[in-house]
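**Q** So here's query_19.cif (mmCIF, C-alpha atoms).
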```cif
data_data
loop_
_atom_site.label_atom_id
_atom_site.label_comp_id
_atom_site.auth_asym_id
_atom_site.auth_seq_id
_atom_site.Cartn_x
_atom_site.Cartn_y
_atom_site.Cartn_z
CA MET A 1 20.83 3.70 -21.29
CA TRP A 2 17.84 5.64 -22.62
CA SER A 3 16.95 2.95 -25.15
CA ALA A 4 17.20 0.30 -22.44
CA LEU A 5 14.83 2.35 -20.32
CA THR A 6 12.28 2.83 -23.09
CA ALA A 7 12.54 -0.84 -24.01
CA TRP A 8 11.82 -1.76 -20.40
CA PHE A 9 8.89 0.64 -20.39
CA HIS A 10 7.42 -0.81 -23.57
CA ARG A 11 7.77 -4.32 -22.20
CA LEU A 12 6.05 -3.28 -18.97
CA ALA A 13 3.21 -1.66 -20.90
CA SER A 14 2.48 -4.98 -22.59
CA PRO A 15 -0.40 -6.56 -20.63
CA PRO A 16 1.10 -10.00 -19.85
CA HIS A 17 4.36 -8.46 -18.63
CA PHE A 18 2.52 -5.95 -16.50
CA TYR A 19 0.34 -8.74 -15.08
CA ARG A 20 3.36 -10.79 -14.03
CA PHE A 21 5.47 -7.83 -12.87
CA ALA A 22 2.63 -6.42 -10.74
CA GLY A 23 1.91 -9.88 -9.37
CA ARG A 24 5.47 -10.15 -8.10
CA LEU A 25 5.40 -6.62 -6.63
CA ILE A 26 2.11 -6.86 -4.70
CA PRO A 27 3.27 -9.13 -1.82
CA TRP A 28 6.27 -6.86 -1.16
CA LEU A 29 4.17 -3.70 -1.27
CA THR A 30 1.64 -5.28 1.09
CA GLY A 31 4.32 -6.18 3.61
CA ILE A 32 5.91 -2.73 3.45
CA THR A 33 2.49 -1.07 3.87
CA VAL A 34 1.65 -3.09 7.01
CA LEU A 35 5.06 -2.39 8.50
CA LEU A 36 4.92 1.35 7.78
CA LEU A 37 1.37 1.61 9.15
CA LEU A 38 2.34 -0.10 12.41
CA VAL A 39 5.47 2.02 12.89
CA GLY A 40 3.70 5.23 11.84
CA LEU A 41 0.71 4.65 14.14
CA TYR A 42 2.93 3.74 17.09
CA ARG A 43 5.20 6.74 16.64
CA GLY A 44 2.31 9.10 15.91
CA LEU A 45 -0.04 8.02 18.69
CA VAL A 46 2.36 6.92 21.42
CA ILE A 47 5.88 8.29 20.95
CA ALA A 48 5.28 11.79 19.52
CA PRO A 49 4.76 14.42 22.23
CA ALA A 50 1.58 16.48 22.56
CA ASP A 51 1.50 19.81 20.72
CA TYR A 52 2.09 22.87 22.89
CA GLN A 53 -0.88 24.69 21.33
CA GLN A 54 -3.31 21.99 20.23
CA GLY A 55 -2.60 19.33 22.86
CA GLU A 56 -3.44 15.76 21.80
CA SER A 57 -5.91 16.83 19.11
CA TYR A 58 -3.07 17.52 16.68
CA ARG A 59 -2.59 13.74 16.30
CA ILE A 60 -5.45 13.86 13.79
CA MET A 61 -2.78 15.35 11.53
CA TYR A 62 -1.19 11.90 11.07
CA VAL A 63 -4.20 10.70 9.09
CA HIS A 64 -5.52 14.03 7.83
CA VAL A 65 -2.38 15.41 6.16
CA PRO A 66 -1.30 12.15 4.45
CA ALA A 67 -4.89 11.67 3.22
CA ALA A 68 -4.93 15.22 1.84
CA TRP A 69 -1.55 14.67 0.14
CA MET A 70 -2.83 11.42 -1.35
CA SER A 71 -5.98 13.13 -2.66
CA MET A 72 -3.78 15.41 -4.80
CA PHE A 73 -1.07 12.85 -5.59
CA ILE A 74 -3.58 10.28 -6.87
CA TYR A 75 -5.27 12.94 -8.97
CA MET A 76 -1.97 13.68 -10.68
CA VAL A 77 -1.30 9.96 -11.23
CA MET A 78 -4.78 9.65 -12.72
CA ALA A 79 -4.46 12.74 -14.91
CA VAL A 80 -0.98 11.85 -16.21
CA ALA A 81 -2.03 8.26 -16.95
CA ALA A 82 -5.20 9.50 -18.65
CA ALA A 83 -3.15 11.93 -20.77
CA ILE A 84 -0.73 9.16 -21.80
CA GLY A 85 -3.71 7.00 -22.74
CA LEU A 86 -5.26 9.85 -24.69
CA ILE A 87 -2.12 10.81 -26.62
CA TRP A 88 -0.36 7.49 -27.22
CA LYS A 89 -3.39 5.17 -27.01
CA ILE A 90 -1.65 2.98 -24.44
CA LYS A 91 -4.35 0.73 -22.97
CA LEU A 92 -2.44 0.12 -19.74
CA ALA A 93 -2.37 3.88 -19.08
CA GLU A 94 -6.16 4.01 -19.47
CA ILE A 95 -6.44 1.11 -17.04
CA ILE A 96 -4.18 2.86 -14.49
CA ALA A 97 -6.25 6.06 -14.70
CA HIS A 98 -9.49 4.10 -14.28
CA SER A 99 -8.09 2.03 -11.40
CA ALA A 100 -6.69 5.04 -9.52
CA ALA A 101 -9.95 6.98 -9.27
CA PRO A 102 -11.75 5.08 -6.44
CA ALA A 103 -8.74 5.35 -4.10
CA GLY A 104 -8.51 9.06 -4.93
CA ALA A 105 -12.16 9.59 -4.06
CA TRP A 106 -11.78 7.68 -0.78
CA PHE A 107 -8.67 9.62 0.31
CA THR A 108 -10.34 12.92 -0.57
CA PHE A 109 -13.36 11.93 1.51
CA LEU A 110 -11.03 10.92 4.36
CA ALA A 111 -9.15 14.24 4.16
CA LEU A 112 -12.43 16.18 4.32
CA ALA A 113 -13.92 14.08 7.14
CA THR A 114 -10.80 14.04 9.34
CA GLY A 115 -10.37 17.75 8.66
CA SER A 116 -13.88 18.24 9.92
CA LEU A 117 -13.07 16.24 13.06
CA TRP A 118 -10.01 18.42 13.59
CA GLY A 119 -11.80 21.68 12.74
CA LYS A 120 -14.58 21.22 15.28
CA PRO A 121 -12.37 21.28 18.43
CA MET A 122 -9.85 23.78 17.00
CA TRP A 123 -12.00 26.26 15.05
CA GLY A 124 -15.36 25.50 16.65
CA ALA A 125 -16.85 24.56 13.29
CA TRP A 126 -17.22 21.27 11.41
CA TRP A 127 -17.09 23.10 8.11
CA VAL A 128 -16.30 26.56 6.75
CA TRP A 129 -16.69 27.62 3.12
CA ASP A 130 -13.12 28.81 2.69
CA ALA A 131 -10.96 28.24 -0.37
CA ARG A 132 -9.03 25.22 0.94
CA LEU A 133 -12.07 23.24 2.01
CA THR A 134 -14.15 24.23 -1.00
CA SER A 135 -11.43 23.34 -3.54
CA GLU A 136 -10.90 19.98 -1.78
CA LEU A 137 -14.65 19.34 -1.98
CA ILE A 138 -14.49 20.15 -5.71
CA LEU A 139 -11.71 17.56 -5.97
CA LEU A 140 -14.08 14.95 -4.51
CA PHE A 141 -16.67 15.90 -7.13
CA LEU A 142 -14.04 15.63 -9.87
CA TYR A 143 -13.23 12.07 -8.79
CA LEU A 144 -16.92 11.13 -8.54
CA GLY A 145 -17.60 12.78 -11.90
CA PHE A 146 -14.72 10.86 -13.49
CA ILE A 147 -16.00 7.55 -12.08
CA ALA A 148 -19.63 8.26 -13.05
CA LEU A 149 -18.70 9.44 -16.54
CA GLN A 150 -16.59 6.37 -17.29
CA SER A 151 -19.21 3.93 -16.02
CA ALA A 152 -21.97 5.72 -17.96
CA ILE A 153 -20.27 5.20 -21.35
CA PRO A 154 -20.45 1.58 -22.51
CA ASP A 155 -17.74 1.90 -25.18
CA ARG A 156 -14.37 1.52 -23.46
CA GLN A 157 -12.40 3.79 -25.79
CA ALA A 158 -14.97 6.57 -25.67
CA ALA A 159 -15.19 6.23 -21.87
CA ALA A 160 -11.41 6.52 -21.51
CA ARG A 161 -11.33 9.54 -23.81
CA ALA A 162 -14.16 11.38 -22.04
CA GLY A 163 -12.67 10.59 -18.62
CA ALA A 164 -9.26 11.84 -19.73
CA VAL A 165 -10.67 15.17 -20.88
CA LEU A 166 -12.48 15.62 -17.55
CA ALA A 167 -9.38 14.62 -15.57
CA LEU A 168 -7.16 17.04 -17.52
CA VAL A 169 -9.54 19.97 -17.17
CA GLY A 170 -9.73 19.26 -13.43
CA VAL A 171 -5.94 19.49 -13.03
CA VAL A 172 -6.38 23.26 -12.70
CA ASN A 173 -7.90 22.59 -9.26
CA ILE A 174 -4.69 21.04 -7.87
CA PRO A 175 -2.57 24.25 -7.63
CA ILE A 176 -5.67 26.03 -6.34
CA ILE A 177 -5.89 23.54 -3.45
CA HIS A 178 -2.18 23.84 -2.75
CA PHE A 179 -1.92 27.62 -2.80
CA SER A 180 -5.40 28.35 -1.41
CA VAL A 181 -4.04 28.92 2.09
CA GLU A 182 -1.69 31.59 0.73
CA TRP A 183 -4.00 33.28 -1.79
CA TRP A 184 -7.07 33.67 0.42
CA ASN A 185 -7.76 34.37 4.06
CA THR A 186 -8.51 31.18 5.90
CA LEU A 187 -8.69 29.44 9.24
CA HIS A 188 -6.77 26.55 7.74
CA GLN A 189 -3.17 26.46 8.89
CA PRO A 190 -0.53 26.96 6.18
CA ALA A 191 1.73 24.19 4.91
CA THR A 192 4.31 23.21 7.49
CA LEU A 193 6.67 21.23 5.30
CA THR A 194 6.91 22.92 1.92
CA LYS A 195 7.24 26.49 3.08
CA LEU A 196 10.56 28.17 2.40
CA GLY A 197 13.37 27.35 4.74
CA ARG A 198 13.44 24.49 7.18
CA PRO A 199 10.29 22.66 8.18
CA SER A 200 9.05 24.10 11.45
CA MET A 201 8.15 20.78 13.02
CA HIS A 202 10.19 18.87 15.57
CA PRO A 203 11.63 15.59 14.18
CA SER A 204 9.73 13.53 16.77
CA MET A 205 6.49 14.91 15.29
CA LEU A 206 7.69 15.06 11.70
CA TRP A 207 8.85 11.44 11.31
CA PRO A 208 5.47 9.81 12.07
CA LEU A 209 3.90 12.15 9.51
CA LEU A 210 6.38 11.14 6.80
CA ILE A 211 6.03 7.44 7.68
CA MET A 212 2.24 7.62 7.55
CA ALA A 213 2.41 9.49 4.23
CA LEU A 214 4.64 6.75 2.82
CA ALA A 215 2.33 4.05 4.24
CA PHE A 216 -0.67 5.63 2.48
CA LYS A 217 1.36 5.78 -0.74
CA THR A 218 2.33 2.11 -0.66
CA TYR A 219 -1.26 1.22 0.31
CA PHE A 220 -2.48 3.13 -2.75
CA PHE A 221 0.02 1.48 -5.08
CA THR A 222 -0.87 -1.96 -3.72
CA THR A 223 -4.58 -1.51 -4.39
CA LEU A 224 -3.83 0.21 -7.71
CA LEU A 225 -1.82 -2.79 -8.94
CA VAL A 226 -4.44 -5.29 -7.74
CA ARG A 227 -7.19 -3.36 -9.53
CA ALA A 228 -5.18 -2.78 -12.70
CA ARG A 229 -4.26 -6.49 -12.82
CA SER A 230 -7.91 -7.55 -12.64
CA GLU A 231 -8.86 -5.07 -15.32
CA VAL A 232 -6.01 -6.16 -17.60
CA LEU A 233 -7.26 -9.72 -17.25
CA GLU A 234 -10.81 -8.69 -18.11
CA ARG A 235 -9.87 -6.58 -21.12
CA GLU A 236 -7.55 -9.24 -22.52
CA ARG A 237 -9.91 -12.11 -21.80
CA ASP A 238 -9.84 -13.48 -25.35
CA SER A 239 -6.06 -13.61 -25.57
CA VAL A 240 -3.92 -16.72 -25.25
CA TRP A 241 -1.96 -15.51 -22.24
CA VAL A 242 -5.12 -14.90 -20.15
CA HIS A 243 -6.27 -18.40 -21.07
CA ASP A 244 -2.93 -19.69 -19.79
CA VAL A 245 -3.20 -17.68 -16.58
CA LEU A 246 -6.71 -18.96 -15.88
CA THR A 247 -6.05 -22.61 -16.67
CA GLY A 248 -2.45 -22.74 -15.56
CA ILE A 249 -1.58 -24.60 -18.74
CA PRO A 250 -0.41 -23.36 -22.15
CA ALA A 251 -3.28 -23.04 -24.64
CA GLU A 252 -2.01 -25.55 -27.17
CA ARG A 253 -2.10 -28.32 -24.54
CA SER A 254 -5.38 -27.20 -23.06
CA PRO A 255 -8.33 -29.59 -23.43
CA LEU A 256 -10.69 -26.67 -24.02
CA MET B 257 -5.34 7.83 35.97
CA SER B 258 -3.36 5.00 34.48
CA SER B 259 -1.24 5.75 31.48
CA LEU B 260 -3.42 3.54 29.29
CA ALA B 261 -6.54 5.43 30.33
CA ALA B 262 -4.70 8.68 29.65
CA PHE B 263 -3.80 7.36 26.22
CA PHE B 264 -7.43 6.64 25.36
CA HIS B 265 -8.52 9.94 26.90
CA MET B 266 -6.30 11.89 24.43
CA GLY B 267 -6.25 14.98 26.63
CA GLY B 268 -10.02 15.35 26.32
CA TYR B 269 -10.02 15.05 22.53
CA ALA B 270 -10.76 11.31 22.56
CA PHE B 271 -13.92 11.60 20.45
CA TYR B 272 -12.24 13.60 17.67
CA VAL B 273 -8.93 11.75 17.59
CA TRP B 274 -10.37 8.22 17.73
CA SER B 275 -13.15 9.07 15.29
CA ALA B 276 -10.53 10.27 12.80
CA TYR B 277 -8.40 7.13 13.18
CA GLY B 278 -11.47 4.88 13.19
CA LEU B 279 -12.73 6.50 10.02
CA ALA B 280 -9.34 6.08 8.36
CA LEU B 281 -9.40 2.37 9.26
CA VAL B 282 -12.94 1.99 7.88
CA VAL B 283 -12.13 3.82 4.63
CA LEU B 284 -8.91 1.87 3.97
CA THR B 285 -10.71 -1.41 4.75
CA ILE B 286 -13.72 -0.68 2.51
CA HIS B 287 -11.47 0.24 -0.42
CA LEU B 288 -9.31 -2.83 0.11
CA VAL B 289 -12.33 -5.17 0.28
CA ASN B 290 -13.85 -3.55 -2.83
CA THR B 291 -10.56 -4.03 -4.65
CA LEU B 292 -10.27 -7.71 -3.71
CA GLN B 293 -13.93 -8.39 -4.54
CA GLN B 294 -13.53 -6.79 -7.96
CA GLY B 295 -10.63 -9.14 -8.66
CA GLN B 296 -12.63 -12.17 -7.53
CA ARG B 297 -15.60 -11.12 -9.64
CA VAL B 298 -13.46 -10.77 -12.78
CA ARG B 299 -11.76 -14.14 -12.27
CA ARG B 300 -15.05 -15.92 -11.50
CA GLU B 301 -16.65 -14.50 -14.63
CA LEU B 302 -13.66 -15.43 -16.80
CA MET B 303 -13.59 -18.98 -15.41
CA ARG B 304 -17.31 -19.28 -16.15
CA ARG B 305 -16.71 -18.15 -19.76
CA LEU B 306 -13.85 -20.60 -20.01
CA ARG B 307 -15.96 -23.54 -18.79
CA HIS B 308 -18.73 -22.71 -21.23
CA GLY B 309 -16.19 -22.83 -24.00
CA ARG B 310 -16.74 -19.30 -25.23
CA THR B 311 -13.05 -18.52 -25.09
CA THR B 312 -11.24 -20.05 -28.02
CA PRO B 313 -7.80 -18.55 -28.10
#
```
Take the structure in the file and give it back as structure tokens.

**A**
Amino acid sequence: MWSALTAWFHRLASPPHFYRFAGRLIPWLTGITVLLLLVGLYRGLVIAPADYQQGESYRIMYVHVPAAWMSMFIYMVMAVAAAIGLIWKIKLAEIIAHSAAPAGAWFTFLALATGSLWGKPMWGAWWVWDARLTSELILLFLYLGFIALQSAIPDRQAAARAGAVLALVGVVNIPIIHFSVEWWNTLHQPATLTKLGRPSMHPSMLWPLLIMALAFKTYFFTTLLVRARSEVLERERDSVWVHDVLTGIPAERSPL
Amino acid sequence: MSSLAAFFHMGGYAFYVWSAYGLALVVLTIHLVNTLQQGQRVRRELMRRLRHGRTTP
């Protein structure tokens, strides 16, 4: 069982297999993403009742909270992939880390901006320098630093290594973001789902949140696979299999 | 007020709610377009290399 799993993993990590496997997965992921987005938006904007304290403004939660979850989730994907690339020199892991960063930066920006749009009517302020908001802003800078660092180093291996070190050092920020609402005084409301005991949200409000969170996840994985596929193609451009992919004919029968 | 108007009114929070959803749409679209354009750029460049015969596998 274990050896079958590792064998599958090694096969997947080989660029041509990944290229084909991801290519088959992308249409399915796209369809699931569209479906989840439509259902999530409908249930979140139309079906879910208004909040007894925050009225209709709480509906911002259905984009804000999934975006904030994604900002941390993508960082962990990026950091783990970067670590695998650093330790085992697996090129595909480096590619995954590099391809995950832009989506992470965008979701972090979205979490901050929608939080601002929620904070203004509820707190009376677009921004406060509390621990949650500040650590999330630092997360945005970590993503931007990772992207800038990798694009500034022309040598691919050195770029991957430097990016991995930055990503791993930045991991310390993730628990700080998560626990910031418990460790420091803040206006930001505490976690509703992960606190001990049962979630304190009614199912009619909870389901759209979970569906939207899943939709953002499948959206991320779709774009991640598209990006990683392109980068695999570029890095392997001198290999026979890329030649075959581009021409649609096996190399030995190719006129070129 | 019709129910559709009430829906767009969002209990007086229309600006904040629709700005948040609009922004989400814009962000997801920009990232998607960037992703697709990157793929097109790579494939165009590789096809160009191929035509100029610089790839000899």

**Q** Tell me which protein, DNA and RNA residues are within 10 Å of stretch 273-289 of chain B, counting all atoms listed in the file, leaving out same-chain ones fewer than 3 positions away, and put them as a ChimeraX atom specification.

**A** /A:41,45,56-64,67,102-103,106-107,109-111,113-118,216,219-220,222-223,226-227 /B:264-270,292-295

**Q** Would you pick out the contacts of stretch 80-89 of chain A at 9 Å or less, using all atoms listed in the file, so that residues sharing its chain but fewer than 4 positions from it are not included, and give the list as number ranges by chain?

**A** A: 75-76, 93-98, 160-161, 163-165, 167-168

**Q** Skip A:Leu246 itself and residues of its chain fewer than 6 positions away, then list as a PyMOL selection string all residues within 8 Å of it, counting all atoms listed in the file.

**A** chain B and resi 299+302-303

**Q** Suppose you want the space between atom CA of A:Gln157 and atom CA of B:Gly309; what is it in Å?

**A** 26.9 Å

**Q** What lies within 9 Å of A:Gly23 using only C-alpha atoms, ignoring chain neighbours under 4 positions off, as a PyMOL selection string?

**A** chain A and resi 18-19+27+225-226+229

**Q** Keeping only C-alpha atoms, take the residues you just selected and write them out as a short mmCIF file (atom, residue, chain, number, x, y, z; two decimals), in the frame of the given file.

**A**
```cif
data_model
loop_
_atom_site.label_atom_id
_atom_site.label_comp_id
_atom_site.auth_asym_id
_atom_site.auth_seq_id
_atom_site.Cartn_x
_atom_site.Cartn_y
_atom_site.Cartn_z
CA PHE A 18 2.52 -5.95 -16.50
CA TYR A 19 0.34 -8.74 -15.08
CA PRO A 27 3.27 -9.13 -1.82
CA LEU A 225 -1.82 -2.79 -8.94
CA VAL A 226 -4.44 -5.29 -7.74
CA ARG A 229 -4.26 -6.49 -12.82
#
```

**Q** Using all atoms listed in the file for the distances, tell me which of A:Val181, A:Val46, A:Ile32, A:Leu210 is nearest to chain B.

**A**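 Of A:Val181, A:Val46, A:Ile32, A:Leu210, the one nearest chain B, counting all atoms listed in the file, is A:Val46.
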
**Q** Would you kindly place N, CA and C atoms on stretch 155-177 of chain A and return the model as a short mmCIF file (atom, residue, chain, number, x, y, z; two decimals), in the coordinates of the input?

**A**
```
data_model
loop_
_atom_site.label_atom_id
_atom_site.label_comp_id
_atom_site.auth_asym_id
_atom_site.auth_seq_id
_atom_site.Cartn_x
_atom_site.Cartn_y
_atom_site.Cartn_z
N ASP A 155 -18.92 2.12 -24.34
CA ASP A 155 -17.74 1.90 -25.18
C ASP A 155 -16.48 2.29 -24.43
N ARG A 156 -15.56 1.33 -24.30
CA ARG A 156 -14.37 1.52 -23.46
C ARG A 156 -13.49 2.68 -23.93
N GLN A 157 -13.28 2.74 -25.24
CA GLN A 157 -12.40 3.79 -25.79
C GLN A 157 -13.00 5.18 -25.57
N ALA A 158 -14.29 5.28 -25.84
CA ALA A 158 -14.97 6.57 -25.67
C ALA A 158 -14.98 6.96 -24.19
N ALA A 159 -15.18 5.96 -23.31
CA ALA A 159 -15.19 6.23 -21.87
C ALA A 159 -13.83 6.75 -21.41
N ALA A 160 -12.76 6.10 -21.90
CA ALA A 160 -11.41 6.52 -21.51
C ALA A 160 -11.13 7.93 -21.99
N ARG A 161 -11.58 8.23 -23.23
CA ARG A 161 -11.33 9.54 -23.81
C ARG A 161 -12.08 10.63 -23.03
N ALA A 162 -13.35 10.39 -22.77
CA ALA A 162 -14.16 11.38 -22.04
C ALA A 162 -13.60 11.60 -20.63
N GLY A 163 -13.24 10.49 -19.97
CA GLY A 163 -12.67 10.59 -18.62
C GLY A 163 -11.37 11.38 -18.62
N ALA A 164 -10.55 11.15 -19.65
CA ALA A 164 -9.26 11.84 -19.73
C ALA A 164 -9.45 13.34 -19.86
N VAL A 165 -10.42 13.73 -20.69
CA VAL A 165 -10.67 15.17 -20.88
C VAL A 165 -11.11 15.79 -19.55
N LEU A 166 -12.03 15.12 -18.86
CA LEU A 166 -12.48 15.62 -17.55
C LEU A 166 -11.31 15.71 -16.56
N ALA A 167 -10.50 14.65 -16.51
CA ALA A 167 -9.38 14.62 -15.57
C ALA A 167 -8.40 15.76 -15.85
N LEU A 168 -8.14 16.01 -17.16
CA LEU A 168 -7.16 17.04 -17.52
C LEU A 168 -7.69 18.45 -17.24
N VAL A 169 -8.97 18.66 -17.50
CA VAL A 169 -9.54 19.97 -17.17
C VAL A 169 -9.47 20.20 -15.65
N GLY A 170 -9.71 19.14 -14.89
CA GLY A 170 -9.73 19.26 -13.43
C GLY A 170 -8.37 19.50 -12.80
N VAL A 171 -7.29 19.28 -13.57
CA VAL A 171 -5.94 19.49 -13.03
C VAL A 171 -5.77 20.91 -12.51
N VAL A 172 -6.49 21.85 -13.10
CA VAL A 172 -6.38 23.26 -12.70
C VAL A 172 -6.72 23.43 -11.21
N ASN A 173 -7.50 22.50 -10.68
CA ASN A 173 -7.90 22.59 -9.26
C ASN A 173 -6.75 22.27 -8.31
N ILE A 174 -5.76 21.50 -8.76
CA ILE A 174 -4.69 21.04 -7.87
C ILE A 174 -3.83 22.21 -7.34
N PRO A 175 -3.29 23.09 -8.20
CA PRO A 175 -2.57 24.25 -7.63
C PRO A 175 -3.47 25.15 -6.80
N ILE A 176 -4.75 25.20 -7.14
CA ILE A 176 -5.67 26.03 -6.34
C ILE A 176 -5.75 25.49 -4.92
N ILE A 177 -5.86 24.13 -4.79
CA ILE A 177 -5.89 23.54 -3.45
C ILE A 177 -4.60 23.88 -2.71
#
```
